[in-house]
Amino acid sequence: MGSSGWPVSGQSAEEVLRRLEASRRQDADWRGGRTFSLVYHAGEEVADLVRRAYGMFMAENALSPIAFPSLRRFEAEVVGMTAGLLGGGPGTAGAMTSGGSESILLAVKTARDWGAAERGVRDPEMVLPVTAHPAFLKAAHYFGVRPVLVPVGPDFRADVEAVRRSLTPRTVLVVGSAPSYPHGVVDPIEEMASLAAEREVLFHCDACLGGFLLPFLRKLGRPIPPFGLDVPGVTSISADVHKYGYAAKGASVLLYRDAGLRRHQFFACTHWPGGLYGSPGILGTRPGGAVAAAWAVMNYLGEEGYLRLAQRVIRTADRFREGIRAIPGLRVLGDPPASVMAFTFERGDPHRLADGMERRGWHLDRQQAPPSLHLMITPAHEPVTDAFLGDLREAAAEVEAGEDEGVSGVAAIYGMAAAMPDGTEVRDLILDFLGQLLDTGGDG
Ligand SMILES: Cc1ncc(COP(=O)(O)O)c(C=O)c1O
């Protein structure tokens, strides 16, 4: 080994691949349905198609649609198909981005620039429920928009009256989720968007999670409330192809009511010695593979394929919900209509329950305010439903009887966060932890 971990001479492809394979042994077992976030797996056949499409366009750069008309066409078709799914009309305009966070960052930046240009607002505010994804707060932080957080009601959906009270002449954007990540419920999009329309400000619907699932569930007869661009007042919407669209990571779609609004998203630089430069989003170089893979999976599955997958997802989610409700002390929060849900434990600490599930090989994300555990059901969970529910019943009984191993480090940190409403120390812990992970590759 040379300095800084560099091998002095290169290794064979077989050796490098063997080392990659060996390294992933400790990784989360998403293929086996043991995790409930991060990966959306629709089976090996779909994954294989996505891998091949990504590989074909791995080197191509969607920064230049002039050099790669293929990517330009794929992007336009993905945007068009997504608009068709989400209530777009003849004027709808959109773009692909690298993921939900980039779509959200851009929607907020667009609103800020629209507010300045069209309303003369210099100190913009955005009104959003506390359950909206942190990418909105990141956007607020990056772009100097003041976030005005509103509470959710007992059903975990945004409080419409609180939204009304929070609107000021500085408001440029109102936000709702379809569904929200923490509890999987759909905000009252119609009412919220109508308030935004009354004030003639923008409304973004965050359908990053639900954009490629809810429309298919509706077609299957599920009662899914309206949330798309066809709802009066909704001026933009984001939907991630790399979530329930089952594409490769790096693919989301951001749609606007019209091209005039989308123009506020773009960036142009006219005086650079390197030439005239224009870029639609936050990234410079844009991975062609992600665009091609999104196009490929949408064409491969078609509407029928997505309907079949949605059917499997909702059948499995229903079994999880019923199973959880049948376990003494467990309660599903709100009335989540799709595949994402949270449940709490009323006979013990939910975070200790998560520890108990961890010891049984299940990785559940922990939530706070109120403490709960999070589930995001995908087709990969269908075969493990009964095993999961059996372990959950056992782990819950163990925590209730005080026969578990007590409070783990993670459970203690959540306890600390709950006890410190201003969050400064926990924020420092998170920032230090992020640095440590980068510095040690996680081994430190
Ligand atoms: C509702 C919602 N919005 C936005 C995001 C952010 O998406 P990404 O992680 O692709 O940036 C997520 C991610 O889970 C989400 O659930």
# chains A, B, ... in the order shown; residues from 1 in each chain; ligands from 1
call {"tool": "residues_near_ligand", "arguments": {"ligand": "ligand 1", "cutoff": "6 Å", "atoms": "only C-alpha atoms and all ligand atoms", "output": "list in words"}}
result
Gly99, Gly100, Ser101, His133, Ser180, Tyr181, Asp206, Cys208 and Leu209 of chain A
call {"tool": "write_last_selection", "arguments": {"atoms": "C-alpha atoms", "output": "mmCIF file, in the first residue's frame"}}
result
data_model
loop_
_atom_site.group_PDB
_atom_site.id
_atom_site.type_symbol
_atom_site.label_atom_id
_atom_site.label_comp_id
_atom_site.auth_asym_id
_atom_site.auth_seq_id
_atom_site.Cartn_x
_atom_site.Cartn_y
_atom_site.Cartn_z
ATOM 1 C CA GLY A 99 -33.580 13.687 -6.315
ATOM 2 C CA GLY A 100 -36.230 14.938 -3.961
ATOM 3 C CA SER A 101 -33.954 17.367 -2.191
ATOM 4 C CA HIS A 133 -39.287 17.165 4.620
ATOM 5 C CA SER A 180 -45.586 13.282 4.436
ATOM 6 C CA TYR A 181 -42.539 11.169 5.213
ATOM 7 C CA ASP A 206 -44.190 17.544 -2.231
ATOM 8 C CA CYS A 208 -41.562 13.025 -3.854
ATOM 9 C CA LEU A 209 -42.706 9.957 -1.963
#
call {"tool": "closest_atom_pairs", "arguments": {"of": "stretch 21-80 of chain A", "to": "stretch 368-384 of chain A", "cutoff": "6 Å", "atoms": "only C-alpha atoms", "output": "CSV"}}
result
residue,atom,partner,partner_atom,distance
A:Gly33,CA,A:His381,CA,4.8
A:Phe36,CA,A:Met376,CA,5.0
A:Ser37,CA,A:Met376,CA,5.9
A:His41,CA,A:Ala380,CA,5.9
A:Ala42,CA,A:Pro379,CA,5.7
call {"tool": "closest_residue", "arguments": {"among": "A:Ala28, A:Leu254, A:Cys269, A:Leu261", "to": "A:Ala111", "atoms": "only C-alpha atoms"}}
result
A:Leu261
call {"tool": "residues_around", "arguments": {"residues": "A:Asp335", "least_positions_apart": "3", "cutoff": "8 Å", "atoms": "only C-alpha atoms", "output": "PyMOL selection string"}}
result
chain A and resi 155+185+332
call {"tool": "select_by_dssp", "arguments": {"residues": "stretch 76-285 of chain A", "states": "strand (DSSP E)", "output": "number ranges by chain"}}
result
A: 93-97, 125-129, 146-150, 171-177, 202-206, 236-240, 252-256, 267-269, 277-279
call {"tool": "atom_distance", "arguments": {"atom1": "atom CA of A:Arg51", "atom2": "atom CA of A:Gly184"}}
result
29.1 Å
call {"tool": "residues_around", "arguments": {"residues": "A:Ser408", "least_positions_apart": "4", "cutoff": "10 Å", "atoms": "only C-alpha atoms", "output": "list in words"}}
result
His351, Arg352, Ala354, Asp355, Gly356, Ala412 and Ile413 of chain A
call {"tool": "decode", "arguments": {"residues": "stretch 368-393 of chain A", "atoms": "N, CA and C atoms", "output": "PDB file, in the first residue's frame"}}
result
ATOM      1  N   GLN A 368     -39.603  11.244  16.343  1.00  0.00           N
ATOM      2  CA  GLN A 368     -39.825  11.962  17.589  1.00  0.00           C
ATOM      3  C   GLN A 368     -41.031  12.894  17.455  1.00  0.00           C
ATOM      4  N   ALA A 369     -41.480  13.376  18.618  1.00  0.00           N
ATOM      5  CA  ALA A 369     -42.559  14.368  18.696  1.00  0.00           C
ATOM      6  C   ALA A 369     -43.796  14.001  17.887  1.00  0.00           C
ATOM      7  N   PRO A 370     -44.514  12.931  18.187  1.00  0.00           N
ATOM      8  CA  PRO A 370     -44.290  12.010  19.294  1.00  0.00           C
ATOM      9  C   PRO A 370     -43.344  10.874  18.896  1.00  0.00           C
ATOM     10  N   PRO A 371     -42.733  10.220  19.925  1.00  0.00           N
ATOM     11  CA  PRO A 371     -41.834   9.093  19.619  1.00  0.00           C
ATOM     12  C   PRO A 371     -42.594   7.995  18.879  1.00  0.00           C
ATOM     13  N   SER A 372     -42.033   7.549  17.788  1.00  0.00           N
ATOM     14  CA  SER A 372     -42.706   6.498  17.012  1.00  0.00           C
ATOM     15  C   SER A 372     -41.674   5.812  16.130  1.00  0.00           C
ATOM     16  N   LEU A 373     -42.102   4.740  15.489  1.00  0.00           N
ATOM     17  CA  LEU A 373     -41.235   4.020  14.553  1.00  0.00           C
ATOM     18  C   LEU A 373     -41.868   4.101  13.170  1.00  0.00           C
ATOM     19  N   HIS A 374     -41.009   4.096  12.175  1.00  0.00           N
ATOM     20  CA  HIS A 374     -41.434   4.427  10.814  1.00  0.00           C
ATOM     21  C   HIS A 374     -41.350   3.206   9.911  1.00  0.00           C
ATOM     22  N   LEU A 375     -42.346   3.066   9.052  1.00  0.00           N
ATOM     23  CA  LEU A 375     -42.316   1.977   8.067  1.00  0.00           C
ATOM     24  C   LEU A 375     -42.601   2.522   6.679  1.00  0.00           C
ATOM     25  N   MET A 376     -41.819   2.101   5.712  1.00  0.00           N
ATOM     26  CA  MET A 376     -42.071   2.448   4.324  1.00  0.00           C
ATOM     27  C   MET A 376     -42.066   1.117   3.567  1.00  0.00           C
ATOM     28  N   ILE A 377     -43.262   0.696   3.178  1.00  0.00           N
ATOM     29  CA  ILE A 377     -43.429  -0.654   2.634  1.00  0.00           C
ATOM     30  C   ILE A 377     -43.188  -0.666   1.123  1.00  0.00           C
ATOM     31  N   THR A 378     -42.410  -1.638   0.677  1.00  0.00           N
ATOM     32  CA  THR A 378     -42.150  -1.820  -0.754  1.00  0.00           C
ATOM     33  C   THR A 378     -42.431  -3.293  -1.106  1.00  0.00           C
ATOM     34  N   PRO A 379     -42.356  -3.636  -2.382  1.00  0.00           N
ATOM     35  CA  PRO A 379     -42.613  -5.046  -2.731  1.00  0.00           C
ATOM     36  C   PRO A 379     -41.669  -6.015  -2.002  1.00  0.00           C
ATOM     37  N   ALA A 380     -40.485  -5.534  -1.598  1.00  0.00           N
ATOM     38  CA  ALA A 380     -39.523  -6.426  -0.932  1.00  0.00           C
ATOM     39  C   ALA A 380     -40.041  -6.907   0.419  1.00  0.00           C
ATOM     40  N   HIS A 381     -41.055  -6.238   0.967  1.00  0.00           N
ATOM     41  CA  HIS A 381     -41.544  -6.631   2.294  1.00  0.00           C
ATOM     42  C   HIS A 381     -42.652  -7.683   2.253  1.00  0.00           C
ATOM     43  N   GLU A 382     -43.153  -7.950   1.051  1.00  0.00           N
ATOM     44  CA  GLU A 382     -44.266  -8.898   0.939  1.00  0.00           C
ATOM     45  C   GLU A 382     -43.936 -10.257   1.585  1.00  0.00           C
ATOM     46  N   PRO A 383     -42.771 -10.851   1.233  1.00  0.00           N
ATOM     47  CA  PRO A 383     -42.523 -12.188   1.786  1.00  0.00           C
ATOM     48  C   PRO A 383     -42.153 -12.210   3.276  1.00  0.00           C
ATOM     49  N   VAL A 384     -41.856 -11.065   3.875  1.00  0.00           N
ATOM     50  CA  VAL A 384     -41.370 -11.099   5.265  1.00  0.00           C
ATOM     51  C   VAL A 384     -42.400 -10.549   6.264  1.00  0.00           C
ATOM     52  N   THR A 385     -43.626 -10.291   5.767  1.00  0.00           N
ATOM     53  CA  THR A 385     -44.637  -9.656   6.632  1.00  0.00           C
ATOM     54  C   THR A 385     -44.870 -10.447   7.925  1.00  0.00           C
ATOM     55  N   ASP A 386     -45.116 -11.741   7.814  1.00  0.00           N
ATOM     56  CA  ASP A 386     -45.446 -12.524   9.010  1.00  0.00           C
ATOM     57  C   ASP A 386     -44.257 -12.618   9.958  1.00  0.00           C
ATOM     58  N   ALA A 387     -43.064 -12.787   9.395  1.00  0.00           N
ATOM     59  CA  ALA A 387     -41.859 -12.872  10.244  1.00  0.00           C
ATOM     60  C   ALA A 387     -41.688 -11.567  11.012  1.00  0.00           C
ATOM     61  N   PHE A 388     -41.899 -10.434  10.329  1.00  0.00           N
ATOM     62  CA  PHE A 388     -41.757  -9.130  10.973  1.00  0.00           C
ATOM     63  C   PHE A 388     -42.762  -8.990  12.111  1.00  0.00           C
ATOM     64  N   LEU A 389     -44.024  -9.303  11.816  1.00  0.00           N
ATOM     65  CA  LEU A 389     -45.074  -9.097  12.827  1.00  0.00           C
ATOM     66  C   LEU A 389     -44.862 -10.024  14.026  1.00  0.00           C
ATOM     67  N   GLY A 390     -44.385 -11.224  13.779  1.00  0.00           N
ATOM     68  CA  GLY A 390     -44.086 -12.159  14.880  1.00  0.00           C
ATOM     69  C   GLY A 390     -43.010 -11.590  15.783  1.00  0.00           C
ATOM     70  N   ASP A 391     -41.949 -11.074  15.173  1.00  0.00           N
ATOM     71  CA  ASP A 391     -40.852 -10.494  15.970  1.00  0.00           C
ATOM     72  C   ASP A 391     -41.309  -9.234  16.697  1.00  0.00           C
ATOM     73  N   LEU A 392     -42.187  -8.471  16.047  1.00  0.00           N
ATOM     74  CA  LEU A 392     -42.659  -7.219  16.662  1.00  0.00           C
ATOM     75  C   LEU A 392     -43.477  -7.534  17.921  1.00  0.00           C
ATOM     76  N   ARG A 393     -44.323  -8.537  17.819  1.00  0.00           N
ATOM     77  CA  ARG A 393     -45.147  -8.934  18.975  1.00  0.00           C
ATOM     78  C   ARG A 393     -44.239  -9.369  20.137  1.00  0.00           C
TER      79      ARG A 393
END
